[in-house]
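Trainee: File follows, coords_11.txt with compact mmCIF, C-alpha atoms:
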```
# COMPACT_ATOMS: atom_id res chain seq x y z
CA MET Z 477 0.00 0.00 0.00
CA PRO Z 478 1.40 3.47 -0.86
CA LYS Z 479 2.40 5.65 2.07
CA LEU Z 480 2.02 9.32 2.86
CA ASP Z 481 3.92 10.98 5.70
CA PHE Z 482 1.80 13.46 7.69
CA TRP Z 483 4.08 16.01 9.38
CA TYR Z 484 2.34 18.08 12.03
CA ASP Z 485 2.92 20.21 15.12
CA PHE Z 486 0.29 19.95 17.84
CA ALA Z 487 0.07 23.76 18.06
CA SER Z 488 -0.81 24.10 14.38
CA THR Z 489 -4.37 25.16 13.58
CA TYR Z 490 -4.29 23.95 9.98
CA SER Z 491 -2.88 20.60 11.17
CA TYR Z 492 -6.09 20.25 13.22
CA LEU Z 493 -8.13 20.47 10.01
CA SER Z 494 -6.05 17.70 8.42
CA ALA Z 495 -5.84 15.48 11.49
CA MET Z 496 -9.63 15.29 11.71
CA ARG Z 497 -10.06 13.99 8.16
CA ILE Z 498 -6.82 12.33 7.08
CA ALA Z 499 -7.62 8.79 8.31
CA ASP Z 500 -10.89 8.60 6.34
CA ALA Z 501 -9.48 10.38 3.28
CA ALA Z 502 -6.44 8.08 3.22
CA GLN Z 503 -8.58 4.98 3.51
CA ALA Z 504 -10.73 6.14 0.59
CA ALA Z 505 -7.57 6.77 -1.47
CA GLY Z 506 -5.97 3.43 -0.52
CA VAL Z 507 -3.00 5.15 1.12
CA ALA Z 508 -1.40 4.40 4.51
CA ILE Z 509 -0.65 7.41 6.72
CA VAL Z 510 2.58 7.64 8.71
CA TYR Z 511 2.11 10.07 11.60
CA ARG Z 512 5.12 12.37 11.98
CA PRO Z 513 4.71 14.76 14.91
CA PHE Z 514 7.55 17.29 15.08
CA LEU Z 515 8.23 20.73 16.54
CA LEU Z 516 7.88 23.80 14.36
CA GLY Z 517 9.64 25.98 16.95
CA PRO Z 518 13.23 25.08 16.00
CA ILE Z 519 12.38 25.43 12.29
CA PHE Z 520 10.70 28.81 12.81
CA LYS Z 521 13.80 29.86 14.76
CA THR Z 522 15.98 29.28 11.68
CA MET Z 523 13.52 31.53 9.80
CA GLY Z 524 14.02 34.28 12.37
CA TRP Z 525 10.67 33.73 14.11
CA SER Z 526 10.46 33.37 17.88
CA THR Z 527 6.76 32.39 17.80
CA SER Z 528 3.97 31.55 15.33
CA PRO Z 529 3.80 33.77 12.22
CA PHE Z 530 0.14 34.24 13.14
CA GLN Z 531 1.33 36.11 16.24
CA ILE Z 532 4.11 38.00 14.47
CA TYR Z 533 1.86 39.20 11.61
CA PRO Z 534 -1.50 40.22 13.12
CA ALA Z 535 -3.38 40.61 9.81
CA LYS Z 536 -2.35 37.06 8.93
CA GLY Z 537 -3.38 35.80 12.36
CA GLN Z 538 -6.82 37.42 12.18
CA TYR Z 539 -7.32 36.03 8.70
CA MET Z 540 -6.29 32.53 9.81
CA VAL Z 541 -8.98 32.42 12.50
CA ARG Z 542 -11.64 33.56 10.02
CA ASP Z 543 -10.42 31.15 7.32
CA ILE Z 544 -10.43 28.14 9.64
CA THR Z 545 -13.81 29.09 11.10
CA ARG Z 546 -15.33 29.08 7.60
CA ILE Z 547 -13.73 25.75 6.65
CA ALA Z 548 -14.66 24.15 9.98
CA ASN Z 549 -18.28 25.29 9.46
CA ASP Z 550 -18.33 23.69 6.01
CA ARG Z 551 -17.04 20.44 7.53
CA SER Z 552 -19.31 20.53 10.60
CA LEU Z 553 -16.26 20.74 12.86
CA SER Z 554 -16.11 22.84 16.03
CA PHE Z 555 -13.32 25.41 16.15
CA GLN Z 556 -12.15 27.88 18.74
CA MET Z 557 -8.75 29.28 19.55
CA PRO Z 558 -7.22 27.72 22.67
CA PRO Z 559 -6.33 29.75 25.82
CA THR Z 560 -2.64 29.82 24.80
CA PHE Z 561 -1.56 30.10 21.19
CA PRO Z 562 0.77 28.73 20.06
CA VAL Z 563 0.73 26.13 22.80
CA ASN Z 564 3.89 24.20 23.67
CA GLY Z 565 3.19 20.84 22.01
CA LEU Z 566 6.37 19.19 23.30
CA HIS Z 567 4.76 16.75 25.76
CA ALA Z 568 1.96 15.80 23.38
CA ALA Z 569 4.50 15.11 20.62
CA ARG Z 570 6.64 12.94 22.92
CA ILE Z 571 3.61 10.94 24.02
CA ALA Z 572 2.57 10.49 20.38
CA LEU Z 573 6.02 9.09 19.58
CA ALA Z 574 5.87 6.83 22.63
CA GLY Z 575 2.59 5.48 21.22
CA GLU Z 576 3.84 5.01 17.69
CA ARG Z 577 4.80 1.36 18.09
CA GLU Z 578 1.64 0.59 20.06
CA GLY Z 579 -0.77 1.60 17.31
CA TRP Z 580 -2.69 4.41 19.03
CA ILE Z 581 -0.82 7.42 17.60
CA GLY Z 582 -3.59 8.27 15.11
CA GLN Z 583 -6.42 8.29 17.63
CA PHE Z 584 -4.28 10.10 20.21
CA THR Z 585 -3.38 12.75 17.64
CA ARG Z 586 -7.02 13.37 16.74
CA ASN Z 587 -8.05 13.57 20.38
CA VAL Z 588 -5.29 16.05 21.28
CA PHE Z 589 -6.21 18.32 18.38
CA GLU Z 590 -9.88 18.07 19.26
CA ALA Z 591 -9.27 18.84 22.93
CA GLN Z 592 -7.32 21.93 21.95
CA PHE Z 593 -9.25 23.38 19.00
CA ALA Z 594 -12.79 22.11 19.59
CA HIS Z 595 -12.84 22.36 23.39
CA ALA Z 596 -10.14 25.01 24.07
CA ARG Z 597 -8.26 22.77 26.50
CA ASP Z 598 -4.61 23.45 27.36
CA ILE Z 599 -2.72 20.49 25.89
CA ALA Z 600 0.53 21.55 27.59
CA ASP Z 601 -1.23 20.54 30.84
CA ARG Z 602 -0.25 17.07 32.02
CA ALA Z 603 -3.75 16.48 33.45
CA VAL Z 604 -5.35 17.16 30.06
CA LEU Z 605 -2.98 14.74 28.33
CA SER Z 606 -3.61 12.19 31.06
CA ALA Z 607 -7.39 12.42 30.55
CA ILE Z 608 -6.94 11.96 26.79
CA LEU Z 609 -4.96 8.77 27.39
CA GLU Z 610 -7.63 7.52 29.80
CA ASP Z 611 -10.26 8.12 27.12
CA LEU Z 612 -8.26 5.75 24.92
CA ARG Z 613 -8.46 3.16 27.73
CA LEU Z 614 -4.72 3.46 28.31
CA ASP Z 615 -2.96 3.71 31.66
CA PRO Z 616 -1.54 7.27 31.64
CA GLU Z 617 1.23 6.98 34.25
CA PRO Z 618 3.58 4.52 32.53
CA ILE Z 619 3.04 6.29 29.20
CA LEU Z 620 3.81 9.73 30.64
CA GLU Z 621 6.93 8.29 32.28
CA ARG Z 622 7.95 6.52 29.07
CA SER Z 623 7.44 9.75 27.05
CA ALA Z 624 10.09 11.48 29.18
CA ALA Z 625 12.73 8.81 28.52
CA PRO Z 626 15.94 9.91 26.76
CA ASP Z 627 15.32 7.82 23.62
CA ILE Z 628 11.90 9.43 23.09
CA LYS Z 629 13.30 12.93 23.62
CA GLU Z 630 16.01 12.10 21.11
CA ALA Z 631 13.47 10.61 18.68
CA LEU Z 632 11.51 13.89 18.67
CA ARG Z 633 14.68 15.91 18.11
CA ALA Z 634 15.65 13.60 15.23
CA GLN Z 635 12.16 13.84 13.74
CA THR Z 636 12.33 17.64 13.83
CA ASP Z 637 15.80 17.61 12.21
CA SER Z 638 14.49 15.25 9.58
CA ALA Z 639 11.58 17.59 8.82
CA ALA Z 640 13.96 20.51 8.31
CA GLN Z 641 16.21 18.41 6.07
CA ARG Z 642 13.27 17.46 3.86
CA GLY Z 643 12.38 21.13 3.35
CA VAL Z 644 9.46 21.32 5.79
CA PHE Z 645 8.81 24.97 6.76
CA GLY Z 646 5.23 24.78 8.07
CA ALA Z 647 2.48 22.38 9.07
CA PRO Z 648 0.71 20.33 8.02
CA THR Z 649 3.13 19.01 5.40
CA PHE Z 650 2.57 15.81 3.44
CA ILE Z 651 5.45 13.92 1.82
CA THR Z 652 4.90 11.04 -0.58
CA GLY Z 653 7.08 7.94 -0.86
CA ASP Z 654 8.83 9.47 -3.88
CA GLY Z 655 9.66 12.65 -1.92
CA GLU Z 656 7.01 15.02 -3.26
CA ILE Z 657 6.15 17.74 -0.72
CA PHE Z 658 2.70 19.26 -0.19
CA TRP Z 659 2.09 22.03 2.34
CA GLY Z 660 -1.22 22.90 3.91
CA ASP Z 661 -4.56 21.24 4.58
CA ASP Z 662 -5.76 22.41 1.17
CA ARG Z 663 -3.17 20.15 -0.49
CA LEU Z 664 -4.18 16.94 1.32
CA ASP Z 665 -6.35 15.54 -1.48
CA GLN Z 666 -3.68 16.34 -4.06
CA ALA Z 667 -1.02 14.66 -1.89
CA LEU Z 668 -3.13 11.49 -1.48
CA ALA Z 669 -3.79 11.34 -5.22
CA TRP Z 670 -0.06 11.78 -5.92
CA ALA Z 671 0.88 9.04 -3.44
CA ALA Z 672 -1.68 6.62 -4.93
CA ARG Z 673 -0.63 7.42 -8.54
CA ALA Z 674 3.12 7.23 -7.83
CA ALA Z 675 2.68 3.79 -6.26
CA SER Z 676 0.60 2.41 -9.14
CA GLY Z 677 2.62 4.00 -11.96
CA MET A 656 -24.95 41.17 -10.01
CA PRO A 657 -22.81 40.38 -6.92
CA LYS A 658 -19.25 41.66 -6.98
CA LEU A 659 -15.92 40.23 -5.94
CA ASP A 660 -12.79 42.38 -5.63
CA PHE A 661 -9.67 40.68 -6.97
CA TRP A 662 -6.59 42.19 -5.30
CA TYR A 663 -3.31 41.29 -6.97
CA ASP A 664 0.31 42.33 -7.43
CA PHE A 665 1.80 41.74 -10.87
CA ALA A 666 4.88 40.10 -9.29
CA SER A 667 2.77 37.50 -7.47
CA THR A 668 3.04 33.93 -8.76
CA TYR A 669 -0.19 32.75 -7.15
CA SER A 670 -1.99 35.79 -8.58
CA TYR A 671 -1.00 34.46 -12.02
CA LEU A 672 -2.90 31.24 -11.29
CA SER A 673 -6.02 33.22 -10.35
CA ALA A 674 -5.78 35.80 -13.14
CA MET A 675 -5.82 33.06 -15.78
CA ARG A 676 -9.10 31.56 -14.56
CA ILE A 677 -11.02 34.22 -12.66
CA ALA A 678 -12.98 35.67 -15.59
CA ASP A 679 -14.43 32.27 -16.61
CA ALA A 680 -14.99 31.15 -13.02
CA ALA A 681 -16.77 34.41 -12.15
CA GLN A 682 -19.00 34.18 -15.19
CA ALA A 683 -20.00 30.63 -14.25
CA ALA A 684 -20.79 31.81 -10.70
CA GLY A 685 -22.73 34.88 -11.83
CA VAL A 686 -20.31 37.26 -10.09
CA ALA A 687 -18.71 40.44 -11.48
CA ILE A 688 -14.96 40.83 -10.86
CA VAL A 689 -13.49 44.20 -9.88
CA TYR A 690 -9.77 44.21 -10.75
CA ARG A 691 -7.72 45.77 -7.95
CA PRO A 692 -4.01 45.90 -8.81
CA PHE A 693 -1.91 47.11 -5.87
CA LEU A 694 1.67 46.90 -4.63
CA LEU A 695 2.64 44.30 -2.06
CA GLY A 696 6.01 46.01 -1.44
CA PRO A 697 4.75 48.69 0.99
CA ILE A 698 2.64 46.09 2.84
CA PHE A 699 5.56 43.65 3.09
CA LYS A 700 7.66 46.54 4.41
CA THR A 701 5.26 46.98 7.35
CA MET A 702 5.76 43.22 8.01
CA GLY A 703 9.52 43.73 8.11
CA TRP A 704 10.17 42.20 4.69
CA SER A 705 12.30 44.01 2.11
CA THR A 706 11.43 41.54 -0.67
CA SER A 707 9.18 38.54 -1.38
CA PRO A 708 8.91 35.99 1.45
CA PHE A 709 9.79 33.41 -1.22
CA GLN A 710 13.23 35.05 -1.41
CA ILE A 711 13.59 35.55 2.35
CA TYR A 712 12.66 31.94 3.20
CA PRO A 713 14.39 29.66 0.66
CA ALA A 714 12.54 26.44 1.62
CA LYS A 715 9.25 28.29 1.08
CA GLY A 716 10.45 29.69 -2.24
CA GLN A 717 11.54 26.28 -3.55
CA TYR A 718 8.25 24.78 -2.46
CA MET A 719 6.27 27.56 -4.15
CA VAL A 720 7.87 26.83 -7.54
CA ARG A 721 7.13 23.12 -7.19
CA ASP A 722 3.55 23.75 -5.97
CA ILE A 723 2.72 26.12 -8.82
CA THR A 724 4.35 23.83 -11.39
CA ARG A 725 2.08 20.97 -10.27
CA ILE A 726 -1.05 23.13 -10.30
CA ALA A 727 -0.19 24.67 -13.67
CA ASN A 728 0.30 21.18 -15.10
CA ASP A 729 -3.12 20.13 -13.84
CA ARG A 730 -4.64 23.22 -15.49
CA SER A 731 -2.64 22.91 -18.75
CA LEU A 732 -0.99 26.27 -18.05
CA SER A 733 2.64 27.05 -18.83
CA PHE A 734 4.75 28.18 -15.88
CA GLN A 735 8.32 29.30 -15.48
CA MET A 736 9.95 31.74 -13.12
CA PRO A 737 10.76 35.08 -14.76
CA PRO A 738 14.33 36.44 -15.10
CA THR A 739 13.80 38.77 -12.12
CA PHE A 740 11.72 37.73 -9.12
CA PRO A 741 9.98 39.55 -7.63
CA VAL A 742 9.72 41.93 -10.56
CA ASN A 743 8.83 45.57 -9.98
CA GLY A 744 5.19 45.63 -11.07
CA LEU A 745 4.79 49.38 -10.60
CA HIS A 746 4.46 50.34 -14.28
CA ALA A 747 2.17 47.43 -15.12
CA ALA A 748 -0.09 48.33 -12.18
CA ARG A 749 -0.27 52.00 -13.24
CA ILE A 750 -1.14 51.03 -16.81
CA ALA A 751 -3.83 48.66 -15.50
CA LEU A 752 -5.35 51.50 -13.49
CA ALA A 753 -5.16 53.81 -16.51
CA GLY A 754 -7.14 51.17 -18.42
CA GLU A 755 -9.73 50.61 -15.73
CA ARG A 756 -12.27 53.07 -17.15
CA GLU A 757 -11.66 51.90 -20.72
CA GLY A 758 -12.66 48.30 -20.14
CA TRP A 759 -9.43 46.48 -20.99
CA ILE A 760 -7.99 45.97 -17.49
CA GLY A 761 -8.99 42.28 -17.36
CA GLN A 762 -7.40 41.32 -20.66
CA PHE A 763 -4.32 43.47 -19.97
CA THR A 764 -3.91 41.80 -16.56
CA ARG A 765 -4.06 38.30 -18.06
CA ASN A 766 -1.60 39.20 -20.80
CA VAL A 767 0.92 40.74 -18.37
CA PHE A 768 0.81 37.67 -16.10
CA GLU A 769 1.12 35.36 -19.10
CA ALA A 770 4.07 37.31 -20.56
CA GLN A 771 5.85 37.04 -17.22
CA PHE A 772 5.07 33.54 -15.96
CA ALA A 773 4.41 31.62 -19.20
CA HIS A 774 7.03 33.33 -21.39
CA ALA A 775 9.54 34.63 -18.78
CA ARG A 776 9.38 38.19 -20.13
CA ASP A 777 10.50 41.13 -17.97
CA ILE A 778 7.32 43.10 -17.33
CA ALA A 779 9.25 45.97 -15.78
CA ASP A 780 10.53 46.62 -19.31
CA ARG A 781 8.62 49.38 -21.08
CA ALA A 782 9.03 47.63 -24.44
CA VAL A 783 7.37 44.47 -23.11
CA LEU A 784 4.42 46.46 -21.75
CA SER A 785 4.20 48.36 -25.02
CA ALA A 786 4.01 45.11 -27.00
CA ILE A 787 1.26 43.83 -24.68
CA LEU A 788 -0.79 46.97 -25.33
CA GLU A 789 -0.26 46.60 -29.09
CA ASP A 790 -1.53 43.02 -28.88
CA LEU A 791 -4.72 44.47 -27.40
CA ARG A 792 -4.92 46.77 -30.49
CA LEU A 793 -4.27 49.80 -28.30
CA ASP A 794 -1.92 52.67 -29.07
CA PRO A 795 0.85 52.30 -26.43
CA GLU A 796 2.32 55.80 -26.36
CA PRO A 797 -0.65 57.82 -25.03
CA ILE A 798 -1.41 55.04 -22.52
CA LEU A 799 2.17 54.90 -21.23
CA GLU A 800 2.13 58.69 -20.91
CA ARG A 801 -1.25 58.66 -19.20
CA SER A 802 -0.07 55.96 -16.76
CA ALA A 803 2.66 58.30 -15.48
CA ALA A 804 0.20 61.14 -14.71
CA PRO A 805 -0.02 62.29 -11.07
CA ASP A 806 -3.63 61.16 -10.61
CA ILE A 807 -2.77 57.60 -11.70
CA LYS A 808 0.27 57.49 -9.42
CA GLU A 809 -1.96 58.69 -6.59
CA ALA A 810 -4.68 56.18 -7.48
CA LEU A 811 -2.18 53.30 -7.13
CA ARG A 812 -0.95 54.63 -3.78
CA ALA A 813 -4.55 54.94 -2.57
CA GLN A 814 -5.36 51.43 -3.82
CA THR A 815 -2.37 50.02 -1.90
CA ASP A 816 -3.38 51.93 1.26
CA SER A 817 -6.91 50.62 0.86
CA ALA A 818 -5.62 47.04 0.59
CA ALA A 819 -3.67 47.42 3.83
CA GLN A 820 -6.69 48.93 5.59
CA ARG A 821 -8.86 45.98 4.56
CA GLY A 822 -6.37 43.55 6.09
CA VAL A 823 -4.70 42.40 2.86
CA PHE A 824 -1.29 40.85 3.63
CA GLY A 825 -0.65 38.81 0.48
CA ALA A 826 -1.90 38.17 -3.03
CA PRO A 827 -4.15 37.15 -4.54
CA THR A 828 -6.81 38.30 -2.07
CA PHE A 829 -10.53 38.25 -2.80
CA ILE A 830 -12.99 40.46 -0.91
CA THR A 831 -16.75 40.08 -1.21
CA GLY A 832 -19.29 42.91 -1.15
CA ASP A 833 -20.01 42.14 2.51
CA GLY A 834 -16.29 42.41 3.41
CA GLU A 835 -15.35 38.74 3.67
CA ILE A 836 -11.65 38.19 2.92
CA PHE A 837 -10.21 35.15 1.13
CA TRP A 838 -6.47 34.76 0.57
CA GLY A 839 -4.84 32.62 -2.07
CA ASP A 840 -5.71 31.05 -5.39
CA ASP A 841 -7.01 27.99 -3.54
CA ARG A 842 -9.78 30.12 -2.01
CA LEU A 843 -11.12 31.55 -5.29
CA ASP A 844 -14.02 29.11 -5.67
CA GLN A 845 -15.00 29.57 -2.03
CA ALA A 846 -14.89 33.38 -2.46
CA LEU A 847 -17.08 33.26 -5.57
CA ALA A 848 -19.60 31.00 -3.82
CA TRP A 849 -19.66 33.35 -0.81
CA ALA A 850 -20.17 36.41 -3.03
CA ALA A 851 -23.02 34.73 -4.93
CA ARG A 852 -24.70 33.47 -1.73
CA ALA A 853 -24.33 36.77 0.16
CA ALA A 854 -26.00 38.62 -2.72
CA SER A 855 -28.92 36.18 -2.98
CA GLY A 856 -29.45 35.73 0.76
```
Produce structure tokens that represent the structure in this file.

Mentor:
Amino acid sequence: MPKLDFWYDFASTYSYLSAMRIADAAQAAGVAIVYRPFLLGPIFKTMGWSTSPFQIYPAKGQYMVRDITRIANDRSLSFQMPPTFPVNGLHAARIALAGEREGWIGQFTRNVFEAQFAHARDIADRAVLSAILEDLRLDPEPILERSAAPDIKEALRAQTDSAAQRGVFGAPTFITGDGEIFWGDDRLDQALAWAARAASG
Amino acid sequence: MPKLDFWYDFASTYSYLSAMRIADAAQAAGVAIVYRPFLLGPIFKTMGWSTSPFQIYPAKGQYMVRDITRIANDRSLSFQMPPTFPVNGLHAARIALAGEREGWIGQFTRNVFEAQFAHARDIADRAVLSAILEDLRLDPEPILERSAAPDIKEALRAQTDSAAQRGVFGAPTFITGDGEIFWGDDRLDQALAWAARAASG
């Protein structure tokens, strides 16, 4: 089955839009999704940004909220900006990586995005992350402990370096098996079609 | 008939994509397009940028070329980067404004974008602009002279100020009669649908 890498930062509003539909869209396209949480912060830093461009450029930030509100309405999704934006998605990303081998990274990713952008929860809060794991019928304590282990910390650093090396400069970004890069939720369908075509051609 | 303002800078690659399809798409949607050439330079300056973000952020610039190449292929459009990017679109924008009352601004706009991004011509060159006007069966000399008149210069400054006041931070931007803003070629269909719905509702 062809693969598509889904690169996302948990603080990213447009990644929320993709996270909520990518599993169904990929299944319809016959493509397997590889979840690739990473941190935009270090990449933005190399671009001279100390925070989200939506904070640095207010007109862009105001537009983003309006744009996502319209799209969310069309898709019958809830959307509100969380109490802190951009949130520090470090712990959520480490937990996601800890869950990668156990098969719950997709559902965890959706639930974190939903907690943040549908219910305005603070996903930097350990209690919020703990409740999300409990909803997945997982035991939070060992997972939270595991997510702070050196190899997981290093895995997230390596994932972020890898994103930068592949030319990722924003999120969501989709990369096909043959290295084609697509940036933004509005390129998801095109990316899936490319991945499916490249694998069959 | 409902209206949609099409704000564009002649140096903008994504504005090329919209310029080549907006007349047909608007006709199909029953919407009238108001052509609003302006200069992104002064707006970028307020964002701290001295040139195009595609020059400032190389990963973004490389991606943009790839993204537009794919989209142009899908639409059977030619695309190549012009000799100078971003070009100074000042003269082209003044000529467009000079032509606004005479009814040829739409065709002139398409031909300037096509000369630049399909044929890699330098649209800052007076001879190139002159040839474009001749192709429209217009007499270039009086139009070039008219485009340098103080009222046209002032009209372009006012148009650029007006863009900034409406929250425009990039191009293409589409603004409906009820003030809804849509940014980017990938929002054109949504903008047309909004304009048509707002007028009928």

Trainee: Mind checking which residues fall within 7 Å of Val507 of chain Z, counting all atoms listed in the file, ignoring those fewer than 4 positions away in the same chain, and posting them as number ranges by chain?

Mentor: Z: 477-480, 502-503, 668, 672

Trainee: Keeping only C-alpha atoms, write those residues as a PDB file, in the coordinates of the input.

Mentor:
```pdb
ATOM      1  CA  MET Z 477       0.000   0.000   0.000  1.00  0.00           C
ATOM      2  CA  PRO Z 478       1.400   3.470  -0.860  1.00  0.00           C
ATOM      3  CA  LYS Z 479       2.400   5.650   2.070  1.00  0.00           C
ATOM      4  CA  LEU Z 480       2.020   9.320   2.860  1.00  0.00           C
ATOM      5  CA  ALA Z 502      -6.440   8.080   3.220  1.00  0.00           C
ATOM      6  CA  GLN Z 503      -8.580   4.980   3.510  1.00  0.00           C
ATOM      7  CA  LEU Z 668      -3.130  11.490  -1.480  1.00  0.00           C
ATOM      8  CA  ALA Z 672      -1.680   6.620  -4.930  1.00  0.00           C
TER       9      ALA Z 672
END
```

Trainee: Quick one: contact table of chain A to chain Z, 10 Å max, nearest atom pair and distance in Å to one decimal per residue, counting all atoms listed in the file, chain and number order, as CSV?

Mentor:
```
residue,atom,partner,partner_atom,distance
A:Thr701,CA,Z:Tyr533,CA,9.5
A:Met702,CA,Z:Tyr533,CA,6.7
A:Gly703,CA,Z:Tyr533,CA,9.6
A:Ile711,CA,Z:Met523,CA,8.5
A:Tyr712,CA,Z:Met523,CA,6.7
A:Pro713,CA,Z:Gly643,CA,9.2
A:Ala714,CA,Z:Gly643,CA,5.6
A:Lys715,CA,Z:Phe645,CA,6.6
A:Gln717,CA,Z:Gly643,CA,8.7
A:Tyr718,CA,Z:Ile657,CA,7.5
A:Met719,CA,Z:Trp659,CA,9.5
A:Arg721,CA,Z:Ile657,CA,8.5
A:Asp722,CA,Z:Phe658,CA,7.4
A:Arg725,CA,Z:Gln666,CA,9.7
A:Ile726,CA,Z:Gln666,CA,9.6
A:Ala819,CA,Z:Ala535,CA,9.1
A:Gln820,CA,Z:Ala535,CA,9.9
A:Arg821,CA,Z:Ala535,CA,9.3
A:Gly822,CA,Z:Ala535,CA,5.6
A:Val823,CA,Z:Ala535,CA,7.3
A:Phe824,CA,Z:Ala535,CA,6.5
A:Gly825,CA,Z:Lys536,CA,8.8
A:Glu835,CA,Z:Arg542,CA,9.0
A:Ile836,CA,Z:Tyr539,CA,7.5
A:Phe837,CA,Z:Asp543,CA,7.4
A:Trp838,CA,Z:Tyr539,CA,8.3
A:Asp841,CA,Z:Asp662,CA,7.4
A:Arg842,CA,Z:Asp662,CA,9.3
A:Gln845,CA,Z:Ile547,CA,9.6
```

Trainee: Would you please work out which residue, of Z:Glu576, Z:Asp661, Z:Glu621, Z:Asp601, is nearest to Ile544 of chain Z when using all atoms listed in the file?

Mentor: Z:Asp661

Trainee: Please identify all polymer residues within 9 Å of Leu553 of chain Z, counting all atoms listed in the file, omitting same-chain residues fewer than 6 positions from it, and present them as a PDB file with C-alpha atoms, in the frame of the given file.

Mentor:
```pdb
ATOM      1  CA  LEU Z 493      -8.130  20.470  10.010  1.00  0.00           C
ATOM      2  CA  MET Z 496      -9.630  15.290  11.710  1.00  0.00           C
ATOM      3  CA  THR Z 545     -13.810  29.090  11.100  1.00  0.00           C
ATOM      4  CA  ILE Z 547     -13.730  25.750   6.650  1.00  0.00           C
ATOM      5  CA  ALA Z 594     -12.790  22.110  19.590  1.00  0.00           C
TER       6      ALA Z 594
END
```

Trainee: Between atom CA of Val563 of chain Z and atom CA of Ala487 of chain Z, what distance in Å does the model show, to one decimal?

Mentor: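 Distance reported for this atom pair: 5.3 Å.
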
Trainee: To one decimal in Å, tell me the separation between atom CA of Tyr511 of chain Z and atom CA of Phe482 of chain Z.

Mentor: 5.2 Å

Trainee: Could you check how far atom CA of Phe734 of chain A sits from atom CA of Ala770 of chain A, in Å to one decimal?

Mentor: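 Atom-to-atom, atom CA of Phe734 of chain A and atom CA of Ala770 of chain A are spaced 10.3 Å apart.
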
Trainee: Can you tell me which residues surround segment 783-787 of chain A at a distance of at most 9 Å, considering all atoms listed in the file, apart from same-chain residues fewer than 2 positions away, and format the answer as a list in words?

Mentor: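 Non-adjacent residues within range: His746, Ala747, Ile750, Phe763, Asn766, Val767, Ala770, Arg776, Asp777, Ile778, Ala779, Asp780, Arg781, Glu789, Asp790, Leu791, Arg792, Leu793, Asp794, Pro795, Glu796 and Leu799 of chain A.
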
Trainee: Which residues are close to Ala751 of chain A, i.e. within 12 Å by only C-alpha atoms, leaving aside same-chain residues fewer than 5 positions away? Reply as a count of residues only.

Mentor: 35

Trainee: Which is closest to Thr636 of chain Z among Z:Pro559, Z:Asn564, Z:Gly517, Z:Gly655, if we use all atoms listed in the file?

Mentor: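 Smallest separation from Thr636 of chain Z among the options: Z:Gly517.
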
Trainee: Go through Z:Gly575, Z:Leu515, Z:Pro648, Z:Gly660 one by one, measure the shortest atom-to-atom distance of each to Pro618 of chain Z using all atoms listed in the file, and give the residue with the smallest value.

Mentor: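 Distance minimum relative to Pro618 of chain Z lands on Z:Gly575.
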
Trainee: Pick out the closest residue to Gln592 of chain Z from this set: Z:Arg570, Z:Trp670, Z:Asp665, Z:Tyr492. Count only C-alpha atoms.

Mentor: Z:Tyr492
